[in-house]
>>> print(open('run_8.csv').read())   # CSV, C-alpha atoms and all ligand atoms
chain,number,residue,atom,x,y,z
A,9,MET,CA,-23.1,48.3,-28.8
A,10,THR,CA,-24.8,45.0,-28.5
A,11,HIS,CA,-28.5,45.0,-29.2
A,12,PRO,CA,-30.6,44.1,-26.1
A,13,LEU,CA,-32.3,41.4,-28.1
A,14,ARG,CA,-29.0,39.6,-28.4
A,15,TYR,CA,-28.7,39.5,-24.6
A,16,LEU,CA,-32.2,38.0,-24.6
A,17,SER,CA,-31.3,35.2,-27.0
A,18,VAL,CA,-28.2,34.3,-25.0
A,19,LEU,CA,-30.4,34.2,-21.9
A,20,THR,CA,-32.9,32.0,-23.6
A,21,VAL,CA,-30.1,29.5,-24.6
A,22,LEU,CA,-28.8,29.5,-21.0
A,23,LEU,CA,-32.2,28.9,-19.6
A,24,SER,CA,-33.0,26.1,-22.0
A,25,ALA,CA,-29.7,24.5,-21.2
A,26,CYS,CA,-30.6,24.5,-17.5
A,27,ALA,CA,-34.1,23.2,-18.3
A,28,SER,CA,-32.9,20.1,-20.2
A,29,SER,CA,-32.3,17.7,-17.4
A,30,PRO,CA,-29.0,15.7,-17.1
A,31,PRO,CA,-29.3,12.0,-17.9
A,32,SER,CA,-30.9,10.2,-14.9
A,33,SER,CA,-28.8,8.1,-12.7
A,34,GLU,CA,-30.7,5.0,-13.9
A,35,THR,CA,-29.8,5.8,-17.5
A,36,MET,CA,-26.1,6.2,-16.6
A,37,VAL,CA,-26.2,2.9,-14.7
A,38,GLN,CA,-27.8,1.1,-17.7
A,39,ALA,CA,-25.2,2.6,-20.0
A,40,ARG,CA,-22.4,1.4,-17.9
A,41,VAL,CA,-23.9,-2.1,-17.6
A,42,ALA,CA,-24.4,-2.2,-21.4
A,43,ARG,CA,-20.8,-1.2,-21.9
A,44,ALA,CA,-19.5,-3.8,-19.5
A,45,THR,CA,-21.7,-6.4,-21.2
A,46,GLN,CA,-20.3,-5.5,-24.6
A,47,LEU,CA,-16.8,-5.6,-23.4
A,48,ALA,CA,-17.4,-9.1,-21.8
A,49,GLY,CA,-18.6,-10.9,-24.9
A,50,ASP,CA,-18.9,-14.6,-24.1
A,51,GLU,CA,-15.4,-15.0,-22.8
A,52,LEU,CA,-15.4,-12.7,-19.9
A,53,LYS,CA,-19.1,-13.2,-18.9
A,54,PRO,CA,-18.3,-14.4,-15.4
A,55,LEU,CA,-17.2,-10.9,-14.5
A,56,LEU,CA,-20.6,-9.4,-15.3
A,57,GLY,CA,-21.9,-10.7,-12.0
A,58,LEU,CA,-20.2,-7.6,-10.6
A,59,CYS,CA,-22.7,-5.4,-12.5
A,60,ARG,CA,-25.7,-6.8,-10.6
A,61,PRO,CA,-27.1,-4.5,-7.9
A,62,GLN,CA,-25.4,-5.0,-4.5
A,63,PRO,CA,-27.0,-4.6,-1.1
A,64,ALA,CA,-26.4,-1.4,0.8
A,65,THR,CA,-25.1,-3.1,3.9
A,66,ARG,CA,-22.5,-5.8,4.2
A,67,ALA,CA,-24.1,-9.1,5.1
A,68,SER,CA,-23.2,-10.5,8.5
A,69,GLY,CA,-24.5,-13.0,11.1
A,70,PRO,CA,-25.7,-16.6,11.0
A,71,SER,CA,-26.9,-16.4,7.4
A,72,VAL,CA,-23.5,-15.4,6.2
A,73,ASP,CA,-21.8,-18.2,8.2
A,74,GLU,CA,-24.3,-20.7,6.7
A,75,GLY,CA,-23.6,-19.3,3.2
A,76,ILE,CA,-19.8,-19.7,3.7
A,77,ARG,CA,-20.3,-23.2,5.0
A,78,ARG,CA,-22.2,-24.1,1.9
A,79,LEU,CA,-19.5,-22.6,-0.4
A,80,ILE,CA,-16.8,-24.5,1.5
A,81,ALA,CA,-18.8,-27.8,1.2
A,82,GLN,CA,-18.8,-27.8,-2.6
A,83,ALA,CA,-16.8,-30.6,-4.1
A,84,PRO,CA,-13.3,-29.3,-4.9
A,85,PRO,CA,-11.9,-29.4,-8.4
A,86,ALA,CA,-8.8,-31.4,-9.1
A,87,PRO,CA,-5.5,-29.5,-8.6
A,88,GLY,CA,-3.8,-28.6,-11.9
A,89,GLN,CA,-0.8,-26.9,-13.6
A,90,ALA,CA,-1.6,-23.8,-15.5
A,91,PHE,CA,1.9,-22.9,-16.6
A,92,ASP,CA,5.3,-24.5,-16.2
A,93,ASN,CA,5.8,-22.5,-13.0
A,94,LEU,CA,2.2,-21.9,-11.8
A,95,TYR,CA,-0.1,-24.4,-10.1
A,96,PHE,CA,-3.8,-24.3,-8.9
A,97,VAL,CA,-4.5,-25.9,-5.6
A,98,GLY,CA,-7.8,-24.2,-4.8
A,99,SER,CA,-11.3,-25.1,-3.9
A,100,ALA,CA,-14.5,-24.7,-6.0
A,101,TRP,CA,-15.0,-21.3,-4.4
A,102,VAL,CA,-11.6,-19.9,-3.7
A,103,SER,CA,-8.2,-20.2,-5.5
A,104,ALA,CA,-4.8,-20.9,-4.1
A,105,TRP,CA,-1.9,-20.6,-6.5
A,106,VAL,CA,1.6,-21.9,-6.2
A,107,LEU,CA,4.3,-20.0,-8.0
A,108,LYS,CA,7.5,-22.1,-8.4
A,109,THR,CA,10.8,-20.4,-8.3
A,110,SER,CA,14.4,-21.7,-8.4
A,111,GLN,CA,14.6,-21.1,-4.6
A,112,GLY,CA,11.3,-22.4,-3.4
A,113,LEU,CA,7.6,-21.8,-3.7
A,114,ILE,CA,5.4,-18.8,-3.2
A,115,LEU,CA,1.8,-19.7,-2.2
A,116,ILE,CA,-0.8,-17.1,-3.2
A,117,ASP,CA,-3.7,-17.3,-0.7
A,118,ALA,CA,-4.3,-20.0,1.9
A,119,LEU,CA,-8.1,-20.8,1.6
A,120,ASN,CA,-10.6,-20.9,4.5
A,121,ASN,CA,-9.1,-23.0,7.3
A,122,ASP,CA,-6.5,-25.6,8.4
A,123,GLU,CA,-8.5,-28.4,6.9
A,124,GLU,CA,-8.5,-26.9,3.4
A,125,ALA,CA,-4.8,-26.1,3.8
A,126,LYS,CA,-4.1,-29.8,4.6
A,127,THR,CA,-6.4,-31.4,2.0
A,128,LEU,CA,-6.4,-29.0,-0.9
A,129,ILE,CA,-3.1,-27.1,-0.6
A,130,GLU,CA,-0.8,-29.7,0.9
A,131,GLY,CA,-2.7,-32.6,-0.7
A,132,GLY,CA,-3.0,-30.8,-4.1
A,133,MET,CA,0.7,-30.0,-4.1
A,134,ALA,CA,1.6,-33.6,-3.4
A,135,LYS,CA,-0.5,-34.7,-6.3
A,136,LEU,CA,1.3,-32.2,-8.5
A,137,GLY,CA,4.8,-33.3,-7.4
A,138,LEU,CA,5.4,-30.2,-5.2
A,139,ASP,CA,6.7,-30.3,-1.7
A,140,PRO,CA,4.8,-28.0,0.8
A,141,ARG,CA,8.1,-27.8,2.8
A,142,ASP,CA,9.4,-25.7,0.0
A,143,ILE,CA,6.8,-22.9,0.6
A,144,ARG,CA,8.9,-19.8,1.5
A,145,TYR,CA,6.2,-17.1,1.3
A,146,ILE,CA,2.4,-17.1,1.7
A,147,VAL,CA,1.0,-14.0,0.1
A,148,VAL,CA,-2.4,-13.1,1.4
A,149,THR,CA,-4.1,-11.0,-1.3
A,150,HIS,CA,-6.5,-9.4,1.2
A,151,GLY,CA,-7.7,-9.7,4.8
A,152,HIS,CA,-10.8,-11.9,4.4
A,153,GLY,CA,-10.9,-15.4,6.0
A,154,ASP,CA,-11.3,-17.2,2.7
A,155,HIS,CA,-7.8,-16.1,1.8
A,156,TYR,CA,-6.0,-16.1,5.1
A,157,GLY,CA,-7.8,-19.0,6.8
A,158,GLY,CA,-5.1,-21.7,6.4
A,159,ALA,CA,-2.1,-19.3,6.5
A,160,SER,CA,-1.1,-19.6,10.1
A,161,TYR,CA,-1.2,-23.4,9.9
A,162,LEU,CA,1.0,-23.5,6.8
A,163,ALA,CA,3.5,-20.9,8.0
A,164,ARG,CA,3.9,-22.8,11.3
A,165,ARG,CA,4.3,-26.2,9.7
A,166,HIS,CA,6.7,-25.2,6.9
A,167,GLY,CA,8.5,-22.2,8.3
A,168,ALA,CA,7.0,-19.8,5.7
A,169,ARG,CA,6.6,-16.1,6.0
A,170,ILE,CA,3.2,-14.4,5.5
A,171,VAL,CA,2.9,-11.3,3.4
A,172,ALA,CA,0.0,-8.8,3.3
A,173,SER,CA,-0.4,-5.1,2.8
A,174,GLU,CA,0.2,-2.6,5.6
A,175,GLU,CA,-3.5,-1.6,5.4
A,176,ASP,CA,-4.9,-5.2,5.6
A,177,TRP,CA,-2.4,-6.2,8.4
A,178,ALA,CA,-3.8,-3.2,10.4
A,179,MET,CA,-7.4,-4.3,9.6
A,180,MET,CA,-6.7,-7.9,10.6
A,181,ALA,CA,-5.1,-6.9,13.8
A,182,GLY,CA,-8.0,-4.6,14.7
A,183,THR,CA,-11.6,-4.9,13.8
A,184,LEU,CA,-12.2,-7.4,10.9
A,185,GLU,CA,-14.4,-5.7,8.3
A,186,PHE,CA,-15.7,-9.1,7.2
A,187,ALA,CA,-16.0,-11.6,10.1
A,188,SER,CA,-17.5,-15.0,10.3
A,189,THR,CA,-17.4,-17.7,13.0
A,190,VAL,CA,-16.5,-20.1,10.2
A,191,TRP,CA,-13.0,-18.6,9.8
A,192,PRO,CA,-10.1,-19.0,12.3
A,193,ALA,CA,-8.4,-15.9,13.7
A,194,PRO,CA,-6.3,-14.0,11.2
A,195,PRO,CA,-2.5,-14.7,11.2
A,196,GLN,CA,-0.2,-12.6,13.3
A,197,ARG,CA,1.3,-9.6,11.5
A,198,ASP,CA,4.4,-10.7,9.6
A,199,ILE,CA,5.8,-9.0,6.4
A,200,ALA,CA,4.0,-5.8,5.4
A,201,VAL,CA,4.3,-4.6,1.9
A,202,ARG,CA,3.5,-1.3,0.1
A,203,ASP,CA,2.5,-0.5,-3.5
A,204,GLY,CA,5.4,-1.1,-5.8
A,205,ASP,CA,7.3,-3.4,-3.5
A,206,LYS,CA,8.8,-6.6,-5.0
A,207,LEU,CA,9.4,-10.1,-3.8
A,208,VAL,CA,12.5,-11.6,-5.4
A,209,LEU,CA,13.0,-15.3,-4.9
A,210,GLY,CA,15.6,-17.1,-7.0
A,211,ASP,CA,14.8,-16.5,-10.7
A,212,THR,CA,11.4,-15.0,-10.0
A,213,THR,CA,10.2,-11.4,-9.2
A,214,LEU,CA,6.7,-10.8,-8.1
A,215,SER,CA,5.5,-7.2,-7.8
A,216,TYR,CA,2.9,-6.0,-5.4
A,217,HIS,CA,0.3,-3.4,-6.5
A,218,LEU,CA,-2.0,-1.9,-4.0
A,219,THR,CA,-5.5,-2.0,-5.5
A,220,PRO,CA,-7.9,-0.7,-2.8
A,221,GLY,CA,-11.5,-1.4,-3.3
A,222,HIS,CA,-12.6,-4.9,-2.2
A,223,THR,CA,-10.6,-4.2,0.9
A,224,LEU,CA,-8.6,-1.0,1.6
A,225,GLY,CA,-5.3,-3.0,1.3
A,226,THR,CA,-6.0,-5.4,-1.5
A,227,LEU,CA,-2.8,-6.6,-3.2
A,228,SER,CA,-2.8,-7.4,-6.9
A,229,LEU,CA,0.2,-9.3,-8.1
A,230,VAL,CA,2.2,-9.2,-11.4
A,231,PHE,CA,4.7,-12.0,-12.2
A,232,ASP,CA,6.0,-14.0,-15.2
A,233,VAL,CA,4.7,-17.4,-16.2
A,234,ARG,CA,6.3,-19.8,-18.7
A,235,ASP,CA,4.8,-22.1,-21.3
A,236,GLY,CA,7.6,-24.0,-22.8
A,237,THR,CA,9.8,-21.5,-24.6
A,238,ARG,CA,7.1,-18.9,-24.4
A,239,GLN,CA,7.1,-16.3,-21.6
A,240,HIS,CA,4.0,-14.5,-20.5
A,241,ARG,CA,3.1,-12.0,-17.8
A,242,ALA,CA,0.2,-12.5,-15.4
A,243,LEU,CA,-1.9,-10.1,-13.3
A,244,LEU,CA,-3.6,-11.7,-10.4
A,245,TRP,CA,-6.4,-9.4,-9.3
A,246,GLY,CA,-6.5,-9.5,-5.5
A,247,GLY,CA,-10.1,-8.8,-4.6
A,248,THR,CA,-13.1,-8.6,-6.8
A,249,ALA,CA,-16.6,-8.4,-5.3
A,250,PHE,CA,-18.3,-5.2,-4.0
A,251,ASN,CA,-19.5,-6.9,-0.8
A,252,PHE,CA,-18.8,-3.9,1.5
A,253,GLY,CA,-22.2,-2.2,1.2
A,254,LYS,CA,-22.9,1.4,0.4
A,255,ASP,CA,-19.5,3.0,0.3
A,256,VAL,CA,-19.3,5.5,-2.6
A,257,PRO,CA,-15.6,6.5,-2.0
A,258,ARG,CA,-14.6,2.9,-1.9
A,259,LEU,CA,-16.4,2.2,-5.2
A,260,GLN,CA,-14.6,5.2,-6.6
A,261,ALA,CA,-11.3,3.8,-5.3
A,262,TYR,CA,-12.0,0.5,-6.9
A,263,HIS,CA,-12.5,2.2,-10.2
A,264,ALA,CA,-9.2,4.1,-9.8
A,265,SER,CA,-7.5,0.8,-9.0
A,266,THR,CA,-8.7,-0.7,-12.3
A,267,GLU,CA,-7.5,2.3,-14.2
A,268,LYS,CA,-4.1,2.3,-12.5
A,269,MET,CA,-3.7,-1.4,-13.4
A,270,ARG,CA,-4.8,-0.8,-17.0
A,271,ARG,CA,-1.7,1.4,-17.3
A,272,VAL,CA,0.5,-1.3,-15.7
A,273,VAL,CA,-0.9,-3.9,-18.1
A,274,VAL,CA,0.1,-1.8,-21.1
A,275,GLU,CA,3.5,-0.8,-19.7
A,276,ARG,CA,4.5,-4.3,-18.7
A,277,ASN,CA,2.8,-6.3,-21.5
A,278,VAL,CA,0.5,-8.3,-19.2
A,279,ASP,CA,-1.3,-10.9,-21.2
A,280,VAL,CA,-2.7,-13.3,-18.6
A,281,MET,CA,-5.5,-12.3,-16.2
A,282,LEU,CA,-5.9,-14.5,-13.1
A,283,SER,CA,-8.3,-14.3,-10.1
A,284,ASN,CA,-8.3,-15.6,-6.6
A,285,HIS,CA,-11.7,-17.1,-7.1
A,286,PRO,CA,-11.9,-19.7,-9.9
A,287,GLY,CA,-15.4,-18.5,-10.9
A,288,TYR,CA,-14.2,-15.2,-12.2
A,289,ASP,CA,-11.4,-16.4,-14.5
A,290,SER,CA,-12.9,-19.8,-15.4
A,291,THR,CA,-9.8,-21.6,-13.9
A,292,VAL,CA,-11.3,-25.0,-13.9
A,293,ALA,CA,-12.6,-24.9,-17.5
A,294,LYS,CA,-9.2,-23.5,-18.6
A,295,LEU,CA,-7.3,-26.2,-16.8
A,296,ALA,CA,-9.4,-28.9,-18.5
A,297,GLU,CA,-8.9,-27.1,-21.9
A,298,LEU,CA,-5.2,-27.0,-21.3
A,299,LYS,CA,-5.1,-30.8,-21.0
A,300,ARG,CA,-6.8,-31.2,-24.4
A,301,ARG,CA,-4.5,-28.6,-26.0
A,302,ALA,CA,-3.0,-29.7,-29.3
A,303,VAL,CA,0.8,-29.4,-29.6
A,304,GLY,CA,1.6,-25.7,-30.4
A,305,GLY,CA,-2.1,-24.7,-29.7
A,306,ALA,CA,-3.2,-21.5,-28.0
A,307,HIS,CA,-2.9,-21.4,-24.2
A,308,PRO,CA,-6.4,-21.0,-22.7
A,309,PHE,CA,-5.0,-18.8,-19.9
A,310,VAL,CA,-3.3,-16.4,-22.3
A,311,GLY,CA,-6.0,-14.0,-23.4
A,312,GLY,CA,-3.6,-11.3,-24.6
A,313,ILE,CA,-3.2,-7.7,-23.4
A,314,GLY,CA,-6.6,-6.7,-24.9
A,315,ALA,CA,-8.5,-9.3,-22.9
A,316,VAL,CA,-6.7,-8.3,-19.7
A,317,ASP,CA,-7.5,-4.6,-20.4
A,318,ARG,CA,-11.2,-5.5,-21.1
A,319,SER,CA,-11.4,-7.4,-17.8
A,320,LEU,CA,-10.2,-4.3,-15.9
A,321,ARG,CA,-12.6,-2.1,-17.9
A,322,ILE,CA,-15.6,-4.4,-17.1
A,323,MET,CA,-14.7,-4.3,-13.3
A,324,GLY,CA,-14.3,-0.5,-13.5
A,325,GLU,CA,-17.6,0.0,-15.3
A,326,CYS,CA,-19.4,-2.2,-12.9
A,327,SER,CA,-17.9,-0.4,-9.9
A,328,LEU,CA,-19.1,2.9,-11.3
A,329,ALA,CA,-22.5,1.4,-12.1
A,330,GLN,CA,-22.8,0.4,-8.5
A,331,ARG,CA,-21.6,3.8,-7.3
A,332,ASP,CA,-24.2,5.5,-9.5
A,333,ARG,CA,-26.9,3.2,-8.1
A,334,PHE,CA,-26.0,4.3,-4.5
A,335,GLY,CA,-25.7,7.9,-5.6
A,336,ALA,CA,-29.2,7.8,-7.0
B,1,ZN,ZN,-12.7,-11.0,0.0
>>> encode(input="run_8.csv", output="structure tokens", more="lines below")
Ligand SMILES: [Zn+2]
Amino acid sequence: MTHPLRYLSVLTVLLSACASSPPSSETMVQARVARATQLAGDELKPLLGLCRPQPATRASGPSVDEGIRRLIAQAPPAPGQAFDNLYFVGSAWVSAWVLKTSQGLILIDALNNDEEAKTLIEGGMAKLGLDPRDIRYIVVTHGHGDHYGGASYLARRHGARIVASEEDWAMMAGTLEFASTVWPAPPQRDIAVRDGDKLVLGDTTLSYHLTPGHTLGTLSLVFDVRDGTRQHRALLWGGTAFNFGKDVPRLQAYHASTEKMRRVVVERNVDVMLSNHPGYDSTVAKLAELKRRAVGGAHPFVGGIGAVDRSLRIMGECSLAQRDRFGA
């Protein structure tokens, strides 16, 4: 028979366990931010902006319009070639990438409006020796105006098809979750894709990965890039910022998307991380570095699988830090 004192000591342990309080939310947030900061080092610092506290409501109204106008007004960087088959024709704020295949071009994102589509995308392509009439597909990574703004114009002019996720087509056809008078109306629904679908054009296969978070239908893309005789594989993350306000399930989904893509990165040997905003992946600095590269030198866009994984972990930690802030 167990001595009653033994029950008492078990009870004491249980009570003291209950009395020691769990780590406070603020402590957890700080731990996540510290982990993200450590993972970032110098190289991935631009992603740490995600760990800064975000407002509980999505910004809207005239101040947002004004902010977007200011972002659009920034002097654009020169267009550039990142790989033998990948070109940057974006603005200072938003990226547009051209993937060249043996059967035409795939444009990834279409910037804010017709004007940018004309000057930066068509104009940039001309400077790089690419013909906009060869655009076959325009992939809209997510349903915000800075990515679809010039899509209708380019599709109409060059006979290209527009691709987006089922979820974001539905959002663009209904109530826009992020609207601004600065942006034109979204494109008419065209090709809708789901997680795991592939776009095959000539010698190139691009795979679509649904990574809900930034929008519910954000598409992240995986495709091969070439550097002379060397072949690499890129992940283009389709939507980065947490600008949707206090939405704990969505922050949770964002984290799940980063974890899902971490598995894809390992399975498919993804060694290049790209963004659709040049500020997150230092596109402009890397393009400049590429021009100065010595023969046989390291390619500035090729960070290796480890760096791609760290980028995803930073985004994941920051999404959970933000979740924990709202949960507090
Ligand atoms: Zn967006």
>>> residues_near_ligand(input="run_8.csv", ligand="ligand ZN 1 (chain B)", cutoff="7 Å", atoms="all atoms listed in the file", output="list in words")
His150, His152, Asp154, His222 and Gly247 of chain A
>>> residues_around(input="run_8.csv", residues="Leu320 (chain A)", least_positions_apart="4", cutoff="12 Å", atoms="only C-alpha atoms", output="number ranges by chain")
A: 44, 47-48, 52, 55-56, 58, 219, 243-245, 248, 262-274, 278, 281-283, 313-316, 324-327
>>> residues_near_point(input="run_8.csv", point="(-6.5, -21.1, -21.5)", cutoff="8 Å", atoms="all atoms listed in the file", output="list in words")
Lys294, Leu295, Glu297, Leu298, Ala306, His307, Pro308, Phe309, Val310 and Gly311 of chain A
>>> write_last_selection(input="run_8.csv", atoms="C-alpha atoms", output="short mmCIF file (atom, residue, chain, number, x, y, z; two decimals), keeping the file's coordinate frame")
data_model
loop_
_atom_site.label_atom_id
_atom_site.label_comp_id
_atom_site.auth_asym_id
_atom_site.auth_seq_id
_atom_site.Cartn_x
_atom_site.Cartn_y
_atom_site.Cartn_z
CA LYS A 294 -9.20 -23.50 -18.60
CA LEU A 295 -7.30 -26.20 -16.80
CA GLU A 297 -8.90 -27.10 -21.90
CA LEU A 298 -5.20 -27.00 -21.30
CA ALA A 306 -3.20 -21.50 -28.00
CA HIS A 307 -2.90 -21.40 -24.20
CA PRO A 308 -6.40 -21.00 -22.70
CA PHE A 309 -5.00 -18.80 -19.90
CA VAL A 310 -3.30 -16.40 -22.30
CA GLY A 311 -6.00 -14.00 -23.40
#
>>> residues_around(input="run_8.csv", residues="Arg202 (chain A)", least_positions_apart="5", cutoff="8 Å", atoms="all atoms listed in the file", output="PyMOL selection string")
chain A and resi 173-174+216-218
>>> closest_residue(input="run_8.csv", among="A:Leu184, A:Asn284, A:Glu34, A:Arg78", to="Gly335 (chain A)", atoms="all atoms listed in the file")
A:Glu34
>>> atom_distance(input="run_8.csv", atom1="CA of Gly49 (chain A)", atom2="CA of Val280 (chain A)")
17.3 Å
>>> closest_residue(input="run_8.csv", among="A:Asp73, A:Asp279, A:Asp211, A:Glu130", to="Pro87 (chain A)", atoms="all atoms listed in the file")
A:Glu130
>>> residues_near_point(input="run_8.csv", point="(-4.0, -14.1, -2.1)", cutoff="10 Å", atoms="all atoms listed in the file", output="ChimeraX atom specification")
/A:102-105,115-119,146-152,154-156,171-172,226-229,244-247,283-285
>>> write_last_selection(input="run_8.csv", atoms="C-alpha atoms", output="short mmCIF file (atom, residue, chain, number, x, y, z; two decimals), keeping the file's coordinate frame")
data_model
loop_
_atom_site.label_atom_id
_atom_site.label_comp_id
_atom_site.auth_asym_id
_atom_site.auth_seq_id
_atom_site.Cartn_x
_atom_site.Cartn_y
_atom_site.Cartn_z
CA VAL A 102 -11.60 -19.90 -3.70
CA SER A 103 -8.20 -20.20 -5.50
CA ALA A 104 -4.80 -20.90 -4.10
CA TRP A 105 -1.90 -20.60 -6.50
CA LEU A 115 1.80 -19.70 -2.20
CA ILE A 116 -0.80 -17.10 -3.20
CA ASP A 117 -3.70 -17.30 -0.70
CA ALA A 118 -4.30 -20.00 1.90
CA LEU A 119 -8.10 -20.80 1.60
CA ILE A 146 2.40 -17.10 1.70
CA VAL A 147 1.00 -14.00 0.10
CA VAL A 148 -2.40 -13.10 1.40
CA THR A 149 -4.10 -11.00 -1.30
CA HIS A 150 -6.50 -9.40 1.20
CA GLY A 151 -7.70 -9.70 4.80
CA HIS A 152 -10.80 -11.90 4.40
CA ASP A 154 -11.30 -17.20 2.70
CA HIS A 155 -7.80 -16.10 1.80
CA TYR A 156 -6.00 -16.10 5.10
CA VAL A 171 2.90 -11.30 3.40
CA ALA A 172 0.00 -8.80 3.30
CA THR A 226 -6.00 -5.40 -1.50
CA LEU A 227 -2.80 -6.60 -3.20
CA SER A 228 -2.80 -7.40 -6.90
CA LEU A 229 0.20 -9.30 -8.10
CA LEU A 244 -3.60 -11.70 -10.40
CA TRP A 245 -6.40 -9.40 -9.30
CA GLY A 246 -6.50 -9.50 -5.50
CA GLY A 247 -10.10 -8.80 -4.60
CA SER A 283 -8.30 -14.30 -10.10
CA ASN A 284 -8.30 -15.60 -6.60
CA HIS A 285 -11.70 -17.10 -7.10
#
>>> atom_distance(input="run_8.csv", atom1="CA of Pro63 (chain A)", atom2="CA of Glu124 (chain A)")
29.3 Å
>>> atom_distance(input="run_8.csv", atom1="CA of Gly167 (chain A)", atom2="CA of Ile129 (chain A)")
15.4 Å
>>> build_atoms(input="run_8.csv", residues="region 109-128 of chain A", atoms="N, CA and C atoms", output="PDB file, in the frame of the given file")
ATOM      1  N   THR A 109       9.623 -21.171  -7.992  1.00  0.00           N
ATOM      2  CA  THR A 109      10.800 -20.400  -8.300  1.00  0.00           C
ATOM      3  C   THR A 109      12.033 -21.366  -8.185  1.00  0.00           C
ATOM      4  N   SER A 110      13.214 -20.871  -8.534  1.00  0.00           N
ATOM      5  CA  SER A 110      14.400 -21.700  -8.400  1.00  0.00           C
ATOM      6  C   SER A 110      14.859 -21.820  -6.940  1.00  0.00           C
ATOM      7  N   GLN A 111      14.220 -21.024  -6.057  1.00  0.00           N
ATOM      8  CA  GLN A 111      14.600 -21.100  -4.600  1.00  0.00           C
ATOM      9  C   GLN A 111      13.418 -21.349  -3.721  1.00  0.00           C
ATOM     10  N   GLY A 112      12.464 -22.094  -4.211  1.00  0.00           N
ATOM     11  CA  GLY A 112      11.300 -22.400  -3.400  1.00  0.00           C
ATOM     12  C   GLY A 112      10.011 -21.921  -3.950  1.00  0.00           C
ATOM     13  N   LEU A 113       8.964 -22.080  -3.150  1.00  0.00           N
ATOM     14  CA  LEU A 113       7.600 -21.800  -3.700  1.00  0.00           C
ATOM     15  C   LEU A 113       6.983 -20.608  -2.982  1.00  0.00           C
ATOM     16  N   ILE A 114       6.184 -19.903  -3.761  1.00  0.00           N
ATOM     17  CA  ILE A 114       5.400 -18.800  -3.200  1.00  0.00           C
ATOM     18  C   ILE A 114       3.919 -19.255  -3.331  1.00  0.00           C
ATOM     19  N   LEU A 115       3.259 -19.310  -2.189  1.00  0.00           N
ATOM     20  CA  LEU A 115       1.800 -19.700  -2.200  1.00  0.00           C
ATOM     21  C   LEU A 115       1.030 -18.386  -2.173  1.00  0.00           C
ATOM     22  N   ILE A 116       0.099 -18.276  -3.097  1.00  0.00           N
ATOM     23  CA  ILE A 116      -0.800 -17.100  -3.200  1.00  0.00           C
ATOM     24  C   ILE A 116      -2.142 -17.469  -2.627  1.00  0.00           C
ATOM     25  N   ASP A 117      -2.420 -17.019  -1.421  1.00  0.00           N
ATOM     26  CA  ASP A 117      -3.700 -17.300  -0.700  1.00  0.00           C
ATOM     27  C   ASP A 117      -3.691 -18.681  -0.062  1.00  0.00           C
ATOM     28  N   ALA A 118      -4.412 -18.763   1.069  1.00  0.00           N
ATOM     29  CA  ALA A 118      -4.300 -20.000   1.900  1.00  0.00           C
ATOM     30  C   ALA A 118      -5.685 -20.587   2.219  1.00  0.00           C
ATOM     31  N   LEU A 119      -6.715 -20.240   1.449  1.00  0.00           N
ATOM     32  CA  LEU A 119      -8.100 -20.800   1.600  1.00  0.00           C
ATOM     33  C   LEU A 119      -8.657 -20.546   2.989  1.00  0.00           C
ATOM     34  N   ASN A 120      -9.721 -21.298   3.335  1.00  0.00           N
ATOM     35  CA  ASN A 120     -10.600 -20.900   4.500  1.00  0.00           C
ATOM     36  C   ASN A 120     -10.124 -21.357   5.854  1.00  0.00           C
ATOM     37  N   ASN A 121      -9.380 -22.465   5.917  1.00  0.00           N
ATOM     38  CA  ASN A 121      -9.100 -23.000   7.300  1.00  0.00           C
ATOM     39  C   ASN A 121      -7.960 -24.067   7.159  1.00  0.00           C
ATOM     40  N   ASP A 122      -7.576 -24.595   8.316  1.00  0.00           N
ATOM     41  CA  ASP A 122      -6.500 -25.600   8.400  1.00  0.00           C
ATOM     42  C   ASP A 122      -6.840 -26.828   7.531  1.00  0.00           C
ATOM     43  N   GLU A 123      -8.108 -27.229   7.624  1.00  0.00           N
ATOM     44  CA  GLU A 123      -8.500 -28.400   6.900  1.00  0.00           C
ATOM     45  C   GLU A 123      -8.312 -28.299   5.416  1.00  0.00           C
ATOM     46  N   GLU A 124      -8.716 -27.157   4.866  1.00  0.00           N
ATOM     47  CA  GLU A 124      -8.500 -26.900   3.400  1.00  0.00           C
ATOM     48  C   GLU A 124      -7.011 -26.806   3.108  1.00  0.00           C
ATOM     49  N   ALA A 125      -6.261 -26.208   4.033  1.00  0.00           N
ATOM     50  CA  ALA A 125      -4.800 -26.100   3.800  1.00  0.00           C
ATOM     51  C   ALA A 125      -4.187 -27.487   3.729  1.00  0.00           C
ATOM     52  N   LYS A 126      -4.696 -28.393   4.586  1.00  0.00           N
ATOM     53  CA  LYS A 126      -4.100 -29.800   4.600  1.00  0.00           C
ATOM     54  C   LYS A 126      -4.581 -30.519   3.322  1.00  0.00           C
ATOM     55  N   THR A 127      -5.909 -30.572   3.099  1.00  0.00           N
ATOM     56  CA  THR A 127      -6.400 -31.400   2.000  1.00  0.00           C
ATOM     57  C   THR A 127      -6.161 -30.829   0.638  1.00  0.00           C
ATOM     58  N   LEU A 128      -6.477 -29.558   0.474  1.00  0.00           N
ATOM     59  CA  LEU A 128      -6.400 -29.000  -0.900  1.00  0.00           C
ATOM     60  C   LEU A 128      -5.041 -28.429  -1.221  1.00  0.00           C
TER      61      LEU A 128
END
